[in-house]
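Enquirer: Sending over target38.pdb (PDB, C-alpha atoms and all ligand atoms).
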ATOM      1  CA  MET F   1     -15.761  44.677 -17.018  1.00  0.00           C
ATOM      2  CA  SER F   2     -15.635  41.194 -15.647  1.00  0.00           C
ATOM      3  CA  CYS F   3     -18.351  38.884 -14.500  1.00  0.00           C
ATOM      4  CA  SER F   4     -18.646  35.209 -13.866  1.00  0.00           C
ATOM      5  CA  ALA F   5     -22.401  34.730 -13.782  1.00  0.00           C
ATOM      6  CA  GLY F   6     -24.292  33.971 -16.964  1.00  0.00           C
ATOM      7  CA  GLY F   7     -25.856  36.403 -19.321  1.00  0.00           C
ATOM      8  CA  CYS F   8     -23.676  39.374 -18.631  1.00  0.00           C
ATOM      9  CA  ALA F   9     -22.699  41.977 -21.135  1.00  0.00           C
ATOM     10  CA  PRO F  10     -19.014  41.116 -21.574  1.00  0.00           C
ATOM     11  CA  ARG F  11     -19.958  37.864 -23.245  1.00  0.00           C
ATOM     12  CA  ARG F  12     -22.013  39.723 -25.798  1.00  0.00           C
ATOM     13  CA  ASP F  13     -19.139  42.122 -26.325  1.00  0.00           C
ATOM     14  CA  PHE F  14     -16.866  39.164 -26.825  1.00  0.00           C
ATOM     15  CA  LEU F  15     -19.127  37.801 -29.533  1.00  0.00           C
ATOM     16  CA  LYS F  16     -19.341  41.098 -31.360  1.00  0.00           C
ATOM     17  CA  ALA F  17     -15.659  41.777 -31.053  1.00  0.00           C
ATOM     18  CA  THR F  18     -14.655  38.417 -32.394  1.00  0.00           C
ATOM     19  CA  ALA F  19     -16.501  38.416 -35.682  1.00  0.00           C
ATOM     20  CA  LEU F  20     -13.363  38.051 -37.683  1.00  0.00           C
ATOM     21  CA  SER F  21     -12.858  37.740 -41.354  1.00  0.00           C
ATOM     22  CA  GLY F  22     -12.069  34.079 -41.037  1.00  0.00           C
ATOM     23  CA  ALA F  23      -8.652  34.560 -42.478  1.00  0.00           C
ATOM     24  CA  ALA F  24      -6.535  31.712 -41.305  1.00  0.00           C
ATOM     25  CA  LEU F  25      -2.938  31.895 -40.360  1.00  0.00           C
ATOM     26  CA  ALA F  26      -1.162  28.933 -41.758  1.00  0.00           C
ATOM     27  CA  LEU F  27       1.604  27.882 -39.493  1.00  0.00           C
ATOM     28  CA  ALA F  28       3.393  25.501 -41.702  1.00  0.00           C
ATOM     29  CA  ALA F  29       2.129  22.052 -42.206  1.00  0.00           C
ATOM     30  CA  CYS F  30       5.441  20.450 -41.525  1.00  0.00           C
ATOM     31  CA  GLY F  31       6.710  17.328 -43.063  1.00  0.00           C
ATOM     32  CA  GLY F  32       7.033  16.058 -46.544  1.00  0.00           C
ATOM     33  CA  GLY F  33       3.369  15.494 -47.237  1.00  0.00           C
ATOM     34  CA  GLY F  34       1.359  12.368 -46.890  1.00  0.00           C
ATOM     35  CA  SER F  35       1.088  12.727 -43.143  1.00  0.00           C
ATOM     36  CA  GLU F  36      -1.384  10.379 -41.531  1.00  0.00           C
ATOM     37  CA  ASP F  37      -2.025  12.824 -38.719  1.00  0.00           C
ATOM     38  CA  PRO F  38      -5.582  14.138 -39.272  1.00  0.00           C
ATOM     39  CA  ASP F  39      -4.627  17.313 -37.398  1.00  0.00           C
ATOM     40  CA  ALA F  40      -1.865  18.044 -39.892  1.00  0.00           C
ATOM     41  CA  GLU F  41      -4.356  19.770 -42.200  1.00  0.00           C
ATOM     42  CA  ARG F  42      -5.735  22.013 -39.466  1.00  0.00           C
ATOM     43  CA  LEU F  43      -4.682  25.638 -39.583  1.00  0.00           C
ATOM     44  CA  TRP F  44      -3.974  27.936 -36.666  1.00  0.00           C
ATOM     45  CA  THR F  45      -6.671  30.585 -36.771  1.00  0.00           C
ATOM     46  CA  ASP F  46      -7.155  33.784 -34.792  1.00  0.00           C
ATOM     47  CA  VAL F  47     -10.234  33.483 -32.575  1.00  0.00           C
ATOM     48  CA  ALA F  48     -10.202  36.737 -30.614  1.00  0.00           C
ATOM     49  CA  PRO F  49      -7.866  39.169 -28.889  1.00  0.00           C
ATOM     50  CA  GLU F  50      -7.142  37.825 -25.405  1.00  0.00           C
ATOM     51  CA  GLU F  51      -8.281  41.119 -23.870  1.00  0.00           C
ATOM     52  CA  ASN F  52     -11.843  40.283 -24.998  1.00  0.00           C
ATOM     53  CA  LEU F  53     -12.064  37.295 -22.668  1.00  0.00           C
ATOM     54  CA  PRO F  54     -10.794  37.812 -19.111  1.00  0.00           C
ATOM     55  CA  ALA F  55      -9.423  34.849 -17.159  1.00  0.00           C
ATOM     56  CA  GLY F  56     -12.222  32.778 -15.661  1.00  0.00           C
ATOM     57  CA  GLU F  57     -14.690  33.715 -18.383  1.00  0.00           C
ATOM     58  CA  ALA F  58     -16.312  31.755 -21.191  1.00  0.00           C
ATOM     59  CA  GLY F  59     -17.876  33.040 -24.364  1.00  0.00           C
ATOM     60  CA  VAL F  60     -19.022  32.379 -27.879  1.00  0.00           C
ATOM     61  CA  ALA F  61     -16.890  33.544 -30.788  1.00  0.00           C
ATOM     62  CA  GLU F  62     -17.779  33.778 -34.445  1.00  0.00           C
ATOM     63  CA  VAL F  63     -14.846  32.974 -36.684  1.00  0.00           C
ATOM     64  CA  GLY F  64     -15.739  33.037 -40.342  1.00  0.00           C
ATOM     65  CA  ASP F  65     -18.786  30.811 -40.668  1.00  0.00           C
ATOM     66  CA  ARG F  66     -18.025  28.907 -37.448  1.00  0.00           C
ATOM     67  CA  MET F  67     -19.302  29.480 -33.956  1.00  0.00           C
ATOM     68  CA  LEU F  68     -16.786  28.468 -31.314  1.00  0.00           C
ATOM     69  CA  LEU F  69     -17.106  28.079 -27.570  1.00  0.00           C
ATOM     70  CA  VAL F  70     -14.149  29.520 -25.704  1.00  0.00           C
ATOM     71  CA  TYR F  71     -13.121  29.167 -22.063  1.00  0.00           C
ATOM     72  CA  ARG F  72     -10.168  30.848 -20.432  1.00  0.00           C
ATOM     73  CA  PRO F  73      -9.544  29.141 -17.087  1.00  0.00           C
ATOM     74  CA  ASP F  74      -6.605  31.400 -16.226  1.00  0.00           C
ATOM     75  CA  GLU F  75      -4.325  34.047 -17.715  1.00  0.00           C
ATOM     76  CA  GLU F  76      -2.085  31.578 -19.515  1.00  0.00           C
ATOM     77  CA  SER F  77      -4.458  28.976 -20.902  1.00  0.00           C
ATOM     78  CA  VAL F  78      -7.511  28.786 -23.114  1.00  0.00           C
ATOM     79  CA  MET F  79      -9.848  26.052 -24.343  1.00  0.00           C
ATOM     80  CA  VAL F  80     -11.739  26.191 -27.642  1.00  0.00           C
ATOM     81  CA  PHE F  81     -14.611  23.900 -28.639  1.00  0.00           C
ATOM     82  CA  SER F  82     -16.898  23.372 -31.581  1.00  0.00           C
ATOM     83  CA  SER F  83     -20.402  24.678 -30.894  1.00  0.00           C
ATOM     84  CA  VAL F  84     -21.884  21.729 -32.793  1.00  0.00           C
ATOM     85  CA  CYS F  85     -23.787  19.617 -30.275  1.00  0.00           C
ATOM     86  CA  PRO F  86     -22.635  15.991 -30.237  1.00  0.00           C
ATOM     87  CA  HIS F  87     -26.273  14.894 -29.888  1.00  0.00           C
ATOM     88  CA  GLU F  88     -27.920  16.032 -33.123  1.00  0.00           C
ATOM     89  CA  GLY F  89     -25.850  18.972 -34.236  1.00  0.00           C
ATOM     90  CA  CYS F  90     -27.646  22.042 -32.910  1.00  0.00           C
ATOM     91  CA  ALA F  91     -25.591  25.087 -31.986  1.00  0.00           C
ATOM     92  CA  VAL F  92     -24.552  24.955 -28.334  1.00  0.00           C
ATOM     93  CA  GLY F  93     -24.539  28.301 -26.554  1.00  0.00           C
ATOM     94  CA  MET F  94     -24.099  29.706 -23.077  1.00  0.00           C
ATOM     95  CA  ASP F  95     -26.467  29.428 -20.150  1.00  0.00           C
ATOM     96  CA  GLY F  96     -25.154  30.721 -16.868  1.00  0.00           C
ATOM     97  CA  GLU F  97     -22.337  28.624 -15.554  1.00  0.00           C
ATOM     98  CA  HIS F  98     -22.098  26.152 -18.409  1.00  0.00           C
ATOM     99  CA  PHE F  99     -22.543  25.617 -22.131  1.00  0.00           C
ATOM    100  CA  GLU F 100     -26.020  24.439 -23.065  1.00  0.00           C
ATOM    101  CA  CYS F 101     -27.727  23.182 -26.190  1.00  0.00           C
ATOM    102  CA  PRO F 102     -31.096  24.869 -26.809  1.00  0.00           C
ATOM    103  CA  CYS F 103     -32.560  21.931 -28.748  1.00  0.00           C
ATOM    104  CA  HIS F 104     -32.755  19.164 -26.148  1.00  0.00           C
ATOM    105  CA  GLY F 105     -30.986  20.630 -23.165  1.00  0.00           C
ATOM    106  CA  SER F 106     -27.615  18.918 -23.131  1.00  0.00           C
ATOM    107  CA  GLN F 107     -25.253  20.728 -20.792  1.00  0.00           C
ATOM    108  CA  PHE F 108     -21.477  20.876 -20.793  1.00  0.00           C
ATOM    109  CA  GLU F 109     -18.891  22.195 -18.385  1.00  0.00           C
ATOM    110  CA  PHE F 110     -16.831  25.110 -19.673  1.00  0.00           C
ATOM    111  CA  THR F 111     -14.099  22.485 -19.982  1.00  0.00           C
ATOM    112  CA  GLY F 112     -16.240  20.716 -22.602  1.00  0.00           C
ATOM    113  CA  GLU F 113     -17.244  17.737 -20.467  1.00  0.00           C
ATOM    114  CA  ARG F 114     -20.820  16.570 -20.739  1.00  0.00           C
ATOM    115  CA  ILE F 115     -22.893  17.265 -17.616  1.00  0.00           C
ATOM    116  CA  ALA F 116     -26.389  16.168 -18.593  1.00  0.00           C
ATOM    117  CA  GLY F 117     -28.836  15.703 -21.422  1.00  0.00           C
ATOM    118  CA  PRO F 118     -29.174  13.361 -24.365  1.00  0.00           C
ATOM    119  CA  ALA F 119     -25.684  14.054 -25.735  1.00  0.00           C
ATOM    120  CA  GLN F 120     -23.443  11.156 -24.794  1.00  0.00           C
ATOM    121  CA  GLU F 121     -20.136  12.763 -25.685  1.00  0.00           C
ATOM    122  CA  ASP F 122     -18.136  15.799 -24.649  1.00  0.00           C
ATOM    123  CA  LEU F 123     -17.820  18.822 -26.922  1.00  0.00           C
ATOM    124  CA  THR F 124     -15.244  18.526 -29.675  1.00  0.00           C
ATOM    125  CA  SER F 125     -12.148  20.428 -28.636  1.00  0.00           C
ATOM    126  CA  TYR F 126      -9.509  22.144 -30.717  1.00  0.00           C
ATOM    127  CA  GLU F 127      -5.879  22.685 -29.863  1.00  0.00           C
ATOM    128  CA  ALA F 128      -5.699  26.264 -28.604  1.00  0.00           C
ATOM    129  CA  GLU F 129      -3.225  28.789 -27.282  1.00  0.00           C
ATOM    130  CA  ILE F 130      -2.759  32.395 -26.319  1.00  0.00           C
ATOM    131  CA  THR F 131       0.142  33.992 -28.111  1.00  0.00           C
ATOM    132  CA  GLU F 132       1.093  37.603 -28.733  1.00  0.00           C
ATOM    133  CA  GLY F 133      -2.191  38.808 -27.271  1.00  0.00           C
ATOM    134  CA  MET F 134      -4.364  36.577 -29.436  1.00  0.00           C
ATOM    135  CA  ILE F 135      -6.481  33.520 -28.640  1.00  0.00           C
ATOM    136  CA  ARG F 136      -5.855  31.076 -31.460  1.00  0.00           C
ATOM    137  CA  ALA F 137      -7.082  27.623 -32.274  1.00  0.00           C
ATOM    138  CA  ARG F 138      -6.059  24.962 -34.711  1.00  0.00           C
ATOM    139  CA  LEU F 139      -9.259  24.532 -36.726  1.00  0.00           C
TER     140      LEU F 139
HETATM  141  S1  LIG F 201     -28.949  18.570 -30.468  1.00  0.00           S
HETATM  142 FE1  LIG F 201     -28.087  19.281 -28.616  1.00  0.00          FE
HETATM  143  S2  LIG F 201     -29.151  18.218 -27.081  1.00  0.00           S
HETATM  144 FE2  LIG F 201     -30.002  17.489 -28.913  1.00  0.00          FE
END
When written as structure tokens, how does the structure in this file appear?
Ligand code: FES

Expert:
Amino acid sequence: MSCSAGGCAPRRDFLKATALSGAALALAACGGGGSEDPDAERLWTDVAPEENLPAGEAGVAEVGDRMLLVYRPDEESVMVFSSVCPHEGCAVGMDGEHFECPCHGSQFEFTGERIAGPAQEDLTSYEAEITEGMIRARL
């Protein structure tokens, strides 16, 4: 089932279906150590099977002890964000056609860009990809 309006069942299914063990897939931290790249320590982690989030949909995924916001603009691409609100750290969720923080009402596009509210920054994004049927992010 597919829907683009907020509050529909597939998003709930997505959440339930993505409660993963949190096991991370290490994809080789290349180099000889001592890298100054802060992303070098991040591990590629399975977020959800791609079939759980149709193109054009957004959802919330639980991965280990993290809640992630996921948007799939088309068949080939995916965007993954931290659900931690850049205002004061509440958990951002979904509200219709955007992500919204329940604490003080900050709103964000599914692309992570701030729309309104007291938050002054966009959502924190993670490098993400769809590969071999799996949505993955470098967390
Ligand atoms: S903590 Fe999210 S708007 Fe204040």

Enquirer: Could you tell me which residues the PyMOL selection byres (((chain F and resi 42) around 6) and not hetatm) returns for this structure, as a tab-separated table (two decimals) with C-alpha atoms, in the frame of the given file?

Expert:
chain	number	residue	atom	x	y	z
F	39	ASP	CA	-4.63	17.31	-37.40
F	40	ALA	CA	-1.86	18.04	-39.89
F	41	GLU	CA	-4.36	19.77	-42.20
F	43	LEU	CA	-4.68	25.64	-39.58
F	138	ARG	CA	-6.06	24.96	-34.71
F	139	LEU	CA	-9.26	24.53	-36.73

Enquirer: As a PyMOL selection string, please: every protein or nucleic acid residue near ligand LIG 201 (chain F) (cut-off 10 Å, counting all atoms listed in the file).

Expert: chain F and resi 83-93+100-107+116-120

Enquirer: To verify the selection step, state as a ChimeraX atom specification which residues the PyMOL selection byres (((chain F and resi 67) around 9) and not hetatm) yields on this input.

Expert: /F:60-66,68-69,82-84,91-92

Enquirer: Might you spell out which residues the PyMOL selection byres (((chain F and resi 111) around 10) and not hetatm) would select in the displayed file, as a PyMOL selection string?

Expert: chain F and resi 58+69-73+78-81+98-99+108-110+112-114+122-123+125

Enquirer: Just need the box for region 62-76 of chain F, edges along x, y and z, holding every atom the file lists for it with 5 Å tacked onto each side, so centre and edge lengths in Å to one decimal, as lines of an AutoDock Vina configuration file.

Expert:
center_x = -10.7
center_y = 31.1
center_z = -28.4
size_x = 27.2
size_y = 16.0
size_z = 34.4

Enquirer: What is the CA of Ala48 (chain F)-CA of Glu97 (chain F) distance in Å, reported with one decimal?

Expert: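 Rounded to one decimal, the two atoms are 21.0 Å apart.
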
Enquirer: How many Å separate CA of Trp44 (chain F) from CA of Asp95 (chain F)?

Expert: 27.9 Å

Enquirer: To one decimal in Å, tell me the separation between CA of Thr45 (chain F) and CA of Gly96 (chain F).

Expert: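 Calculated distance between CA of Thr45 (chain F) and CA of Gly96 (chain F) is 27.2 Å.
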
Enquirer: Which residue gives the smallest distance to Asp74 (chain F) among F:Met94, F:Ile115, F:Ala137, F:Ile130, with all atoms listed in the file counted?

Expert: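 Nearest candidate to Asp74 (chain F) out of F:Met94, F:Ile115, F:Ala137, F:Ile130: F:Ile130.
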
Enquirer: Give me, as an MDAnalysis selection string, all polymer residues having an atom no more than 6 Å from Arg136 (chain F), counting all atoms listed in the file and skipping those fewer than 6 positions away in the same chain.

Expert: chainID F and resid 45:47 128:129

Enquirer: Which one of F:Glu76, F:Tyr126, F:Glu121, F:Ile135 sits closest to Glu51 (chain F) if you count all atoms listed in the file?

Expert: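 Among F:Glu76, F:Tyr126, F:Glu121, F:Ile135, it is F:Ile135 that comes nearest to Glu51 (chain F).
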